>>> print(open('upload-v1.cif').read())   # mmCIF, C-alpha atoms
data_final
#
loop_
_atom_site.group_PDB
_atom_site.id
_atom_site.type_symbol
_atom_site.label_atom_id
_atom_site.label_comp_id
_atom_site.auth_asym_id
_atom_site.auth_seq_id
_atom_site.Cartn_x
_atom_site.Cartn_y
_atom_site.Cartn_z
ATOM 1 C CA MET Z 1 0.000 0.000 0.000
ATOM 2 C CA ARG Z 2 1.437 3.347 -1.019
ATOM 3 C CA ILE Z 3 1.468 6.297 1.342
ATOM 4 C CA THR Z 4 -1.152 8.958 0.671
ATOM 5 C CA ARG Z 5 0.216 12.415 -0.063
ATOM 6 C CA LEU Z 6 -1.060 14.978 2.427
ATOM 7 C CA LEU Z 7 0.911 18.102 1.673
ATOM 8 C CA LEU Z 8 3.174 19.333 -1.077
ATOM 9 C CA PHE Z 9 5.108 22.580 -0.935
ATOM 10 C CA GLY Z 10 6.121 23.890 -4.383
ATOM 11 C CA VAL Z 11 9.669 24.972 -4.994
ATOM 12 C CA LEU Z 12 10.401 28.023 -7.114
ATOM 13 C CA SER Z 13 13.478 27.719 -9.275
ATOM 14 C CA VAL Z 14 16.149 30.401 -9.287
ATOM 15 C CA GLY Z 15 15.086 31.324 -12.780
ATOM 16 C CA HIS Z 16 11.591 32.175 -11.605
ATOM 17 C CA ALA Z 17 12.478 34.047 -8.441
ATOM 18 C CA ALA Z 18 11.806 37.478 -9.903
ATOM 19 C CA ALA Z 19 8.063 36.883 -10.025
ATOM 20 C CA GLN Z 20 6.317 34.463 -7.698
ATOM 21 C CA ILE Z 21 3.295 33.351 -9.677
ATOM 22 C CA VAL Z 22 0.255 32.064 -7.834
ATOM 23 C CA GLY Z 23 -2.385 31.994 -10.564
ATOM 24 C CA CYS Z 24 -3.140 33.291 -14.039
ATOM 25 C CA LEU Z 25 -6.059 35.659 -14.372
ATOM 26 C CA PRO Z 26 -8.592 34.545 -17.000
ATOM 27 C CA GLU Z 27 -9.415 38.078 -18.200
ATOM 28 C CA PRO Z 28 -7.409 39.454 -21.135
ATOM 29 C CA HIS Z 29 -4.776 42.025 -20.209
ATOM 30 C CA THR Z 30 -2.668 44.193 -22.474
ATOM 31 C CA LEU Z 31 0.338 46.451 -22.074
ATOM 32 C CA PRO Z 32 0.401 50.197 -22.705
ATOM 33 C CA ASP Z 33 1.292 50.741 -26.378
ATOM 34 C CA ASP Z 34 4.822 51.997 -25.776
ATOM 35 C CA LEU Z 35 5.674 49.091 -23.467
ATOM 36 C CA ARG Z 36 4.321 46.587 -25.986
ATOM 37 C CA SER Z 37 6.300 48.109 -28.852
ATOM 38 C CA THR Z 38 9.543 48.079 -26.883
ATOM 39 C CA LEU Z 39 8.804 44.497 -25.810
ATOM 40 C CA ASP Z 40 8.471 43.422 -29.451
ATOM 41 C CA VAL Z 41 11.730 45.121 -30.439
ATOM 42 C CA ARG Z 42 13.660 43.782 -27.478
ATOM 43 C CA LEU Z 43 12.324 40.230 -27.959
ATOM 44 C CA ALA Z 44 13.373 40.311 -31.614
ATOM 45 C CA THR Z 45 16.855 41.345 -30.503
ATOM 46 C CA PHE Z 46 16.970 38.481 -28.008
ATOM 47 C CA LEU Z 47 15.921 35.882 -30.608
ATOM 48 C CA THR Z 48 18.309 37.225 -33.245
ATOM 49 C CA ALA Z 49 21.226 37.100 -30.801
ATOM 50 C CA GLU Z 50 20.348 33.492 -29.960
ATOM 51 C CA ALA Z 51 19.923 32.485 -33.608
ATOM 52 C CA GLN Z 52 23.240 34.035 -34.598
ATOM 53 C CA GLY Z 53 25.139 32.778 -31.558
ATOM 54 C CA HIS Z 54 25.901 36.162 -30.015
ATOM 55 C CA TRP Z 55 26.034 34.681 -26.542
ATOM 56 C CA ASP Z 56 27.337 37.725 -24.691
ATOM 57 C CA ASP Z 57 24.270 39.607 -25.924
ATOM 58 C CA VAL Z 58 22.019 36.694 -24.970
ATOM 59 C CA GLU Z 59 23.433 36.621 -21.452
ATOM 60 C CA GLN Z 60 22.921 40.359 -21.068
ATOM 61 C CA LEU Z 61 19.294 40.035 -22.198
ATOM 62 C CA LEU Z 62 18.636 37.368 -19.558
ATOM 63 C CA GLY Z 63 18.823 40.145 -17.007
ATOM 64 C CA SER Z 64 20.596 41.190 -13.867
ATOM 65 C CA LYS Z 65 22.069 38.433 -11.745
ATOM 66 C CA ASP Z 66 20.703 40.272 -8.714
ATOM 67 C CA VAL Z 67 17.139 40.057 -10.039
ATOM 68 C CA VAL Z 68 16.781 36.705 -11.757
ATOM 69 C CA TYR Z 69 19.940 34.696 -12.184
ATOM 70 C CA ALA Z 70 22.930 33.828 -10.093
ATOM 71 C CA SER Z 71 25.999 34.065 -12.311
ATOM 72 C CA SER Z 72 26.628 30.300 -12.277
ATOM 73 C CA TYR Z 73 22.997 29.631 -13.156
ATOM 74 C CA ARG Z 74 23.103 32.161 -15.977
ATOM 75 C CA ARG Z 75 26.246 30.568 -17.435
ATOM 76 C CA CYS Z 76 24.597 27.145 -17.311
ATOM 77 C CA LEU Z 77 21.459 28.444 -19.012
ATOM 78 C CA VAL Z 78 23.485 30.033 -21.809
ATOM 79 C CA SER Z 79 25.345 26.752 -22.342
ATOM 80 C CA ARG Z 80 22.008 24.928 -22.632
ATOM 81 C CA MET Z 81 20.794 27.541 -25.129
ATOM 82 C CA GLN Z 82 23.929 26.979 -27.184
ATOM 83 C CA GLU Z 83 22.844 23.360 -27.584
ATOM 84 C CA LEU Z 84 19.119 24.085 -27.963
ATOM 85 C CA ARG Z 85 18.460 27.389 -29.667
ATOM 86 C CA MET Z 86 15.052 28.933 -30.104
ATOM 87 C CA VAL Z 87 15.729 30.875 -33.276
ATOM 88 C CA SER Z 88 12.281 32.407 -33.800
ATOM 89 C CA ILE Z 89 8.722 32.548 -32.516
ATOM 90 C CA ASP Z 90 5.690 32.975 -34.770
ATOM 91 C CA LEU Z 91 3.549 35.781 -33.377
ATOM 92 C CA SER Z 92 1.158 36.015 -36.325
ATOM 93 C CA THR Z 93 -1.613 35.574 -33.791
ATOM 94 C CA PRO Z 94 -0.258 37.584 -30.862
ATOM 95 C CA ASP Z 95 -0.956 36.047 -27.485
ATOM 96 C CA LEU Z 96 0.210 37.977 -24.437
ATOM 97 C CA TYR Z 97 -0.893 37.347 -20.896
ATOM 98 C CA THR Z 98 0.206 37.946 -17.338
ATOM 99 C CA CYS Z 99 0.018 36.086 -14.050
ATOM 100 C CA THR Z 100 -0.390 37.913 -10.780
ATOM 101 C CA THR Z 101 -1.597 37.627 -7.210
ATOM 102 C CA LYS Z 102 -3.551 40.873 -7.659
ATOM 103 C CA MET Z 103 -6.898 39.219 -8.291
ATOM 104 C CA ASP Z 104 -8.830 42.505 -8.599
ATOM 105 C CA LEU Z 105 -6.804 43.652 -11.607
ATOM 106 C CA PRO Z 106 -9.435 44.733 -14.181
ATOM 107 C CA ALA Z 107 -9.432 43.389 -17.734
ATOM 108 C CA GLY Z 108 -7.944 45.564 -20.464
ATOM 109 C CA THR Z 109 -4.828 47.686 -20.538
ATOM 110 C CA VAL Z 110 -2.824 47.430 -17.334
ATOM 111 C CA ASP Z 111 -1.620 50.688 -15.828
ATOM 112 C CA ARG Z 112 2.084 51.399 -16.230
ATOM 113 C CA VAL Z 113 3.083 51.048 -12.578
ATOM 114 C CA THR Z 114 1.427 47.633 -12.306
ATOM 115 C CA ALA Z 115 2.688 46.508 -15.725
ATOM 116 C CA GLU Z 116 6.277 47.258 -14.698
ATOM 117 C CA ARG Z 117 5.975 44.901 -11.711
ATOM 118 C CA LEU Z 118 4.447 41.902 -13.487
ATOM 119 C CA SER Z 119 5.871 39.119 -15.605
ATOM 120 C CA TRP Z 120 4.430 38.910 -19.117
ATOM 121 C CA TYR Z 121 4.228 35.770 -21.231
ATOM 122 C CA VAL Z 122 4.469 35.845 -25.022
ATOM 123 C CA ARG Z 123 3.015 32.659 -26.499
ATOM 124 C CA GLY Z 124 3.478 31.397 -30.026
ATOM 125 C CA THR Z 125 5.010 28.689 -32.194
ATOM 126 C CA GLY Z 126 8.707 28.530 -31.495
ATOM 127 C CA ARG Z 127 11.299 27.202 -33.908
ATOM 128 C CA PHE Z 128 14.043 25.307 -32.110
ATOM 129 C CA GLN Z 129 17.209 23.744 -33.443
ATOM 130 C CA THR Z 130 20.172 21.709 -32.345
ATOM 131 C CA SER Z 131 23.253 20.729 -34.304
ATOM 132 C CA SER Z 132 21.317 17.820 -35.802
ATOM 133 C CA GLU Z 133 17.645 18.767 -36.050
ATOM 134 C CA ALA Z 134 15.050 21.538 -36.077
ATOM 135 C CA TRP Z 135 11.418 21.478 -34.974
ATOM 136 C CA LEU Z 136 8.376 23.628 -34.236
ATOM 137 C CA GLU Z 137 6.700 23.642 -30.823
ATOM 138 C CA GLU Z 138 4.044 25.697 -29.072
ATOM 139 C CA THR Z 139 5.901 27.577 -26.362
ATOM 140 C CA GLN Z 140 6.199 30.828 -24.454
ATOM 141 C CA VAL Z 141 8.872 33.308 -23.435
ATOM 142 C CA ARG Z 142 8.628 35.169 -20.144
ATOM 143 C CA ALA Z 143 9.397 38.894 -20.229
ATOM 144 C CA TYR Z 144 9.933 41.084 -17.185
ATOM 145 C CA ARG Z 145 10.948 44.677 -16.536
ATOM 146 C CA ASN Z 146 13.946 45.864 -14.528
ATOM 147 C CA GLN Z 147 15.104 49.480 -14.284
ATOM 148 C CA GLY Z 148 13.044 50.497 -17.286
ATOM 149 C CA GLN Z 149 14.156 47.715 -19.631
ATOM 150 C CA TRP Z 150 12.812 44.357 -20.841
ATOM 151 C CA TYR Z 151 14.592 41.096 -20.060
ATOM 152 C CA PHE Z 152 13.675 37.517 -20.897
ATOM 153 C CA VAL Z 153 13.486 33.973 -19.594
ATOM 154 C CA PRO Z 154 13.704 31.340 -22.370
ATOM 155 C CA PRO Z 155 11.205 28.446 -22.627
ATOM 156 C CA GLN Z 156 12.997 26.274 -20.111
ATOM 157 C CA ARG Z 157 10.500 23.401 -20.092
ATOM 158 C CA ALA Z 158 10.761 22.823 -23.854
ATOM 159 C CA MET Z 159 14.542 23.090 -23.651
ATOM 160 C CA GLN Z 160 14.801 20.826 -20.636
ATOM 161 C CA ASP Z 161 12.623 18.067 -22.100
ATOM 162 C CA LYS Z 162 14.749 17.896 -25.237
ATOM 163 C CA TRP Z 163 18.054 18.219 -23.363
ATOM 164 C CA GLU Z 164 17.151 15.309 -21.076
ATOM 165 C CA LYS Z 165 16.239 13.077 -24.024
ATOM 166 C CA VAL Z 166 19.573 13.811 -25.695
ATOM 167 C CA HIS Z 167 21.874 13.608 -22.690
ATOM 168 C CA TYR Z 168 20.501 10.817 -20.509
ATOM 169 C CA THR Z 169 21.459 7.273 -21.471
ATOM 170 C CA GLU Z 170 20.437 3.821 -20.321
ATOM 171 C CA ALA Z 171 23.256 3.922 -17.770
ATOM 172 C CA ASP Z 172 21.634 6.965 -16.153
ATOM 173 C CA PHE Z 173 18.300 5.175 -15.801
ATOM 174 C CA VAL Z 174 19.646 1.946 -14.347
ATOM 175 C CA ARG Z 175 22.066 3.543 -11.892
ATOM 176 C CA ASP Z 176 20.963 3.398 -8.266
ATOM 177 C CA ARG Z 177 20.958 7.002 -7.017
ATOM 178 C CA ARG Z 178 20.768 6.137 -3.347
ATOM 179 C CA ASP Z 179 23.274 8.903 -2.578
ATOM 180 C CA GLU Z 180 20.681 11.547 -3.523
ATOM 181 C CA ILE Z 181 18.574 10.707 -0.439
ATOM 182 C CA ASP Z 182 19.816 11.123 3.130
ATOM 183 C CA ILE Z 183 18.330 8.689 5.680
ATOM 184 C CA PRO Z 184 19.151 9.965 9.197
ATOM 185 C CA ASN Z 185 17.231 7.217 11.073
ATOM 186 C CA PRO Z 186 17.486 8.809 14.540
ATOM 187 C CA PRO Z 187 17.792 6.175 17.299
ATOM 188 C CA SER Z 188 14.618 7.440 19.003
ATOM 189 C CA SER Z 189 12.442 6.634 15.963
ATOM 190 C CA PRO Z 190 10.399 3.433 16.361
ATOM 191 C CA ILE Z 191 10.545 2.924 12.580
ATOM 192 C CA GLU Z 192 13.752 2.394 10.656
ATOM 193 C CA ILE Z 193 13.960 3.163 6.936
ATOM 194 C CA THR Z 194 16.140 0.528 5.251
ATOM 195 C CA ASP Z 195 17.000 -0.968 1.846
ATOM 196 C CA VAL Z 196 16.629 2.345 0.008
ATOM 197 C CA HIS Z 197 16.973 2.365 -3.787
ATOM 198 C CA VAL Z 198 16.524 5.435 -5.998
ATOM 199 C CA HIS Z 199 16.116 5.456 -9.782
ATOM 200 C CA MET Z 200 15.469 8.090 -12.424
ATOM 201 C CA ASN Z 201 11.985 8.114 -13.943
ATOM 202 C CA ARG Z 202 12.250 7.140 -17.617
ATOM 203 C CA GLN Z 203 9.412 9.376 -18.764
ATOM 204 C CA PHE Z 204 10.244 12.348 -16.535
ATOM 205 C CA PRO Z 205 13.970 12.249 -15.698
ATOM 206 C CA SER Z 206 13.685 15.029 -13.112
ATOM 207 C CA LEU Z 207 11.620 12.636 -10.975
ATOM 208 C CA ARG Z 208 12.961 9.830 -8.821
ATOM 209 C CA GLY Z 209 11.308 6.576 -7.848
ATOM 210 C CA VAL Z 210 12.280 5.665 -4.289
ATOM 211 C CA LYS Z 211 11.854 2.102 -3.013
ATOM 212 C CA PHE Z 212 12.462 1.303 0.643
ATOM 213 C CA MET Z 213 11.547 -0.861 3.606
ATOM 214 C CA LEU Z 214 9.899 0.319 6.831
ATOM 215 C CA ARG Z 215 11.001 -1.796 9.800
ATOM 216 C CA ASN Z 216 9.112 -1.679 13.082
ATOM 217 C CA LYS Z 217 11.751 -1.728 15.825
ATOM 218 C CA THR Z 218 9.202 -2.036 18.636
ATOM 219 C CA SER Z 219 7.096 -4.796 20.176
ATOM 220 C CA LYS Z 220 3.904 -2.815 19.428
ATOM 221 C CA LYS Z 221 1.770 -2.913 16.299
ATOM 222 C CA VAL Z 222 1.890 0.207 14.098
ATOM 223 C CA VAL Z 223 -1.401 1.459 12.592
ATOM 224 C CA VAL Z 224 -0.572 4.951 11.230
ATOM 225 C CA LEU Z 225 2.680 6.454 9.998
ATOM 226 C CA SER Z 226 3.829 9.848 8.681
ATOM 227 C CA LEU Z 227 6.989 10.268 6.633
ATOM 228 C CA ARG Z 228 8.681 13.383 5.224
ATOM 229 C CA ILE Z 229 10.823 13.760 2.101
ATOM 230 C CA GLY Z 230 12.371 17.176 1.604
ATOM 231 C CA ASP Z 231 15.176 19.702 1.942
ATOM 232 C CA GLU Z 232 15.575 23.317 3.020
ATOM 233 C CA THR Z 233 13.588 24.582 -0.011
ATOM 234 C CA GLY Z 234 10.463 22.459 0.337
ATOM 235 C CA GLU Z 235 9.030 19.151 1.423
ATOM 236 C CA THR Z 236 6.462 16.470 0.739
ATOM 237 C CA ASP Z 237 4.606 15.168 3.796
ATOM 238 C CA LEU Z 238 3.308 11.628 3.354
ATOM 239 C CA ALA Z 239 0.991 9.756 5.685
ATOM 240 C CA GLY Z 240 -1.295 6.758 5.716
ATOM 241 C CA PRO Z 241 -2.834 3.921 7.708
ATOM 242 C CA TYR Z 242 -0.603 0.910 8.227
ATOM 243 C CA GLU Z 243 -0.491 -2.448 9.850
ATOM 244 C CA ILE Z 244 3.117 -3.186 10.672
ATOM 245 C CA GLU Z 245 3.384 -6.058 13.087
ATOM 246 C CA PRO Z 246 5.757 -5.935 16.060
ATOM 247 C CA LYS Z 247 9.310 -6.342 14.755
ATOM 248 C CA GLY Z 248 7.808 -6.597 11.276
ATOM 249 C CA GLN Z 249 8.563 -4.711 8.090
ATOM 250 C CA ILE Z 250 6.832 -3.703 4.846
ATOM 251 C CA ALA Z 251 8.045 -2.593 1.416
ATOM 252 C CA GLU Z 252 7.083 0.867 0.109
ATOM 253 C CA GLU Z 253 7.783 3.144 -2.841
ATOM 254 C CA GLU Z 254 7.327 6.849 -3.505
ATOM 255 C CA ASP Z 255 8.147 9.466 -6.117
ATOM 256 C CA THR Z 256 10.027 12.670 -5.452
ATOM 257 C CA THR Z 257 11.481 15.517 -7.506
ATOM 258 C CA ALA Z 258 15.258 15.617 -7.853
ATOM 259 C CA TYR Z 259 15.341 18.997 -9.576
ATOM 260 C CA ALA Z 260 12.841 21.523 -10.891
ATOM 261 C CA ASP Z 261 15.242 23.088 -13.351
ATOM 262 C CA PHE Z 262 18.130 21.520 -15.250
ATOM 263 C CA CYS Z 263 20.496 24.331 -14.281
ATOM 264 C CA GLU Z 264 19.758 24.247 -10.550
ATOM 265 C CA GLY Z 265 21.332 20.881 -9.861
ATOM 266 C CA ILE Z 266 19.990 17.948 -7.894
ATOM 267 C CA ARG Z 267 18.326 18.688 -4.555
ATOM 268 C CA LYS Z 268 19.824 16.649 -1.737
ATOM 269 C CA GLN Z 269 16.813 15.469 0.254
ATOM 270 C CA ALA Z 270 16.264 13.703 3.557
ATOM 271 C CA MET Z 271 13.688 11.026 4.336
ATOM 272 C CA THR Z 272 12.555 10.904 7.963
ATOM 273 C CA ILE Z 273 9.765 9.411 10.047
ATOM 274 C CA GLU Z 274 7.649 12.186 11.625
ATOM 275 C CA GLU Z 275 4.840 10.431 13.519
ATOM 276 C CA VAL Z 276 3.855 6.877 14.439
ATOM 277 C CA ASP Z 277 0.556 5.714 15.947
ATOM 278 C CA PHE Z 278 0.382 2.336 17.660
ATOM 279 C CA ALA Z 279 -2.549 -0.033 18.049
ATOM 280 C CA ASP Z 280 -2.546 0.445 21.829
ATOM 281 C CA GLY Z 281 -3.308 4.164 21.428
ATOM 282 C CA SER Z 282 0.187 5.437 22.157
ATOM 283 C CA LYS Z 283 1.971 7.785 19.782
ATOM 284 C CA TRP Z 284 5.517 8.827 18.869
ATOM 285 C CA GLU Z 285 6.545 12.001 17.070
ATOM 286 C CA SER Z 286 9.863 13.453 15.986
ATOM 287 C CA LYS Z 287 11.429 16.438 17.754
ATOM 288 C CA ARG Z 288 10.899 18.464 14.604
ATOM 289 C CA ARG Z 289 7.165 17.711 14.499
ATOM 290 C CA ALA Z 290 6.813 18.392 18.238
ATOM 291 C CA ASN Z 291 8.569 21.766 17.834
ATOM 292 C CA GLN Z 292 6.247 22.661 14.933
ATOM 293 C CA LYS Z 293 3.214 22.010 17.107
ATOM 294 C CA ASP Z 294 4.650 24.027 19.990
ATOM 295 C CA ASN Z 295 5.216 26.998 17.689
#
>>> encode(input="upload-v1.cif", output="structure tokens")
Amino acid sequence: MRITRLLLFGVLSVGHAAAQIVGCLPEPHTLPDDLRSTLDVRLATFLTAEAQGHWDDVEQLLGSKDVVYASSYRRCLVSRMQELRMVSIDLSTPDLYTCTTKMDLPAGTVDRVTAERLSWYVRGTGRFQTSSEAWLEETQVRAYRNQGQWYFVPPQRAMQDKWEKVHYTEADFVRDRRDEIDIPNPPSSPIEITDVHVHMNRQFPSLRGVKFMLRNKTSKKVVVLSLRIGDETGETDLAGPYEIEPKGQIAEEEDTTAYADFCEGIRKQAMTIEEVDFADGSKWESKRRANQKDN
């Protein structure tokens, strides 16, 4: 029986830190004319620089490292773009929208002050190419303003999907990635996590399938268990009813995300037992969970 997911905290990638997006408004929104015209010109410059391999210009048009990208992240993203270029985007049917937490923003043209603070998404048919192939794909480019100028975030999902297919081999999928998960197993925990094996998901390589055993160290029957997988940026809290006999063990498996963005690197995560309920009505909880309740 698999554990039921109770809570999932999303993790924003470095590349999306400039605008924390909660939900897209369904009403149409447009930019003031002068902002839209400068957006079109600046986007054309960005795509031309990418198509022609002017990578210093591309890096500059990604924006300030203090706003969106750490320098190491920006260098990685440029290297990915060198392999997977988006050389054009067909805007014959212009599609521009914004996402914001300001849910009372009226439909129509957005006032300048608000427009300067939002991220804007230009959707269209992108033409991508590598050294060996070219293809068309529906995609979007994110545009944002900083100090009176437009900067851009490339279509990372389209790039990442293709990059993973090209760069990951059978050896990557069969390798046990146990070292990506830390298992503290504090002595006070009545449940020990053992026999952990971690493998890359073949369809979605950023995901990991984690197989493990839960061993009941006590002489009491376990009926409910809560387990946490996470790191300092976010966590997944898993819980479910169980019947683990005294000194018994059961096999389990779960999925977790190793990285949200191919330039961020793999997130080192920890798997820990948070709460255990026994058949006799007694309960154990971790120090972390007890501190959360006290606060």
>>> residues_around(input="upload-v1.cif", residues="region 112-125 of chain Z", least_positions_apart="5", cutoff="7 Å", atoms="only C-alpha atoms", output="VMD selection string")
chain Z and resid 19 31 to 32 89 to 91 95 to 100 136 to 145
>>> write_last_selection(input="upload-v1.cif", atoms="C-alpha atoms", output="PDB file, keeping the file's coordinate frame")
ATOM      1  CA  ALA Z  19       8.063  36.883 -10.025  1.00  0.00           C
ATOM      2  CA  LEU Z  31       0.338  46.451 -22.074  1.00  0.00           C
ATOM      3  CA  PRO Z  32       0.401  50.197 -22.705  1.00  0.00           C
ATOM      4  CA  ILE Z  89       8.722  32.548 -32.516  1.00  0.00           C
ATOM      5  CA  ASP Z  90       5.690  32.975 -34.770  1.00  0.00           C
ATOM      6  CA  LEU Z  91       3.549  35.781 -33.377  1.00  0.00           C
ATOM      7  CA  ASP Z  95      -0.956  36.047 -27.485  1.00  0.00           C
ATOM      8  CA  LEU Z  96       0.210  37.977 -24.437  1.00  0.00           C
ATOM      9  CA  TYR Z  97      -0.893  37.347 -20.896  1.00  0.00           C
ATOM     10  CA  THR Z  98       0.206  37.946 -17.338  1.00  0.00           C
ATOM     11  CA  CYS Z  99       0.018  36.086 -14.050  1.00  0.00           C
ATOM     12  CA  THR Z 100      -0.390  37.913 -10.780  1.00  0.00           C
ATOM     13  CA  LEU Z 136       8.376  23.628 -34.236  1.00  0.00           C
ATOM     14  CA  GLU Z 137       6.700  23.642 -30.823  1.00  0.00           C
ATOM     15  CA  GLU Z 138       4.044  25.697 -29.072  1.00  0.00           C
ATOM     16  CA  THR Z 139       5.901  27.577 -26.362  1.00  0.00           C
ATOM     17  CA  GLN Z 140       6.199  30.828 -24.454  1.00  0.00           C
ATOM     18  CA  VAL Z 141       8.872  33.308 -23.435  1.00  0.00           C
ATOM     19  CA  ARG Z 142       8.628  35.169 -20.144  1.00  0.00           C
ATOM     20  CA  ALA Z 143       9.397  38.894 -20.229  1.00  0.00           C
ATOM     21  CA  TYR Z 144       9.933  41.084 -17.185  1.00  0.00           C
ATOM     22  CA  ARG Z 145      10.948  44.677 -16.536  1.00  0.00           C
TER      23      ARG Z 145
END
>>> closest_residue(input="upload-v1.cif", among="Z:Pro246, Z:Arg289, Z:Asp237, Z:Ala51", to="Ser219 (chain Z)", atoms="only C-alpha atoms")
Z:Pro246
>>> atom_distance(input="upload-v1.cif", atom1="CA of Thr194 (chain Z)", atom2="CA of Met213 (chain Z)")
5.1 Å
>>> closest_residue(input="upload-v1.cif", among="Z:Val166, Z:Pro184, Z:Glu254, Z:Arg215", to="His199 (chain Z)", atoms="only C-alpha atoms")
Z:Glu254
>>> closest_residue(input="upload-v1.cif", among="Z:Lys217, Z:Arg267, Z:Arg42, Z:His197", to="Asp176 (chain Z)", atoms="only C-alpha atoms")
Z:His197
>>> axis_aligned_box(input="upload-v1.cif", around="region 45-54 of chain Z", padding_each_side="3 Å", output="JSON")
{"center_x": 20.9, "center_y": 36.9, "center_z": -31.3, "size_x": 16.0, "size_y": 14.9, "size_z": 12.6}
>>> closest_residue(input="upload-v1.cif", among="Z:Glu264, Z:Asp195, Z:Glu275, Z:Glu59", to="Pro154 (chain Z)", atoms="all atoms listed in the file")
Z:Glu59
>>> residues_near_point(input="upload-v1.cif", point="(15.3, 25.8, -20.8)", cutoff="9 Å", atoms="only C-alpha atoms", output="list of chain:residue names")
Z:Leu77, Z:Arg80, Z:Met81, Z:Leu84, Z:Val153, Z:Pro154, Z:Pro155, Z:Gln156, Z:Arg157, Z:Ala158, Z:Met159, Z:Gln160, Z:Asp161, Z:Trp163, Z:Asp261, Z:Phe262, Z:Cys263
>>> write_last_selection(input="upload-v1.cif", atoms="C-alpha atoms", output="JSON list (two decimals), in the coordinates of the input")
[["chain", "number", "residue", "atom", "x", "y", "z"],
["Z", 77, "LEU", "CA", 21.46, 28.44, -19.01],
["Z", 80, "ARG", "CA", 22.01, 24.93, -22.63],
["Z", 81, "MET", "CA", 20.79, 27.54, -25.13],
["Z", 84, "LEU", "CA", 19.12, 24.08, -27.96],
["Z", 153, "VAL", "CA", 13.49, 33.97, -19.59],
["Z", 154, "PRO", "CA", 13.70, 31.34, -22.37],
["Z", 155, "PRO", "CA", 11.20, 28.45, -22.63],
["Z", 156, "GLN", "CA", 13.00, 26.27, -20.11],
["Z", 157, "ARG", "CA", 10.50, 23.40, -20.09],
["Z", 158, "ALA", "CA", 10.76, 22.82, -23.85],
["Z", 159, "MET", "CA", 14.54, 23.09, -23.65],
["Z", 160, "GLN", "CA", 14.80, 20.83, -20.64],
["Z", 161, "ASP", "CA", 12.62, 18.07, -22.10],
["Z", 163, "TRP", "CA", 18.05, 18.22, -23.36],
["Z", 261, "ASP", "CA", 15.24, 23.09, -13.35],
["Z", 262, "PHE", "CA", 18.13, 21.52, -15.25],
["Z", 263, "CYS", "CA", 20.50, 24.33, -14.28]]
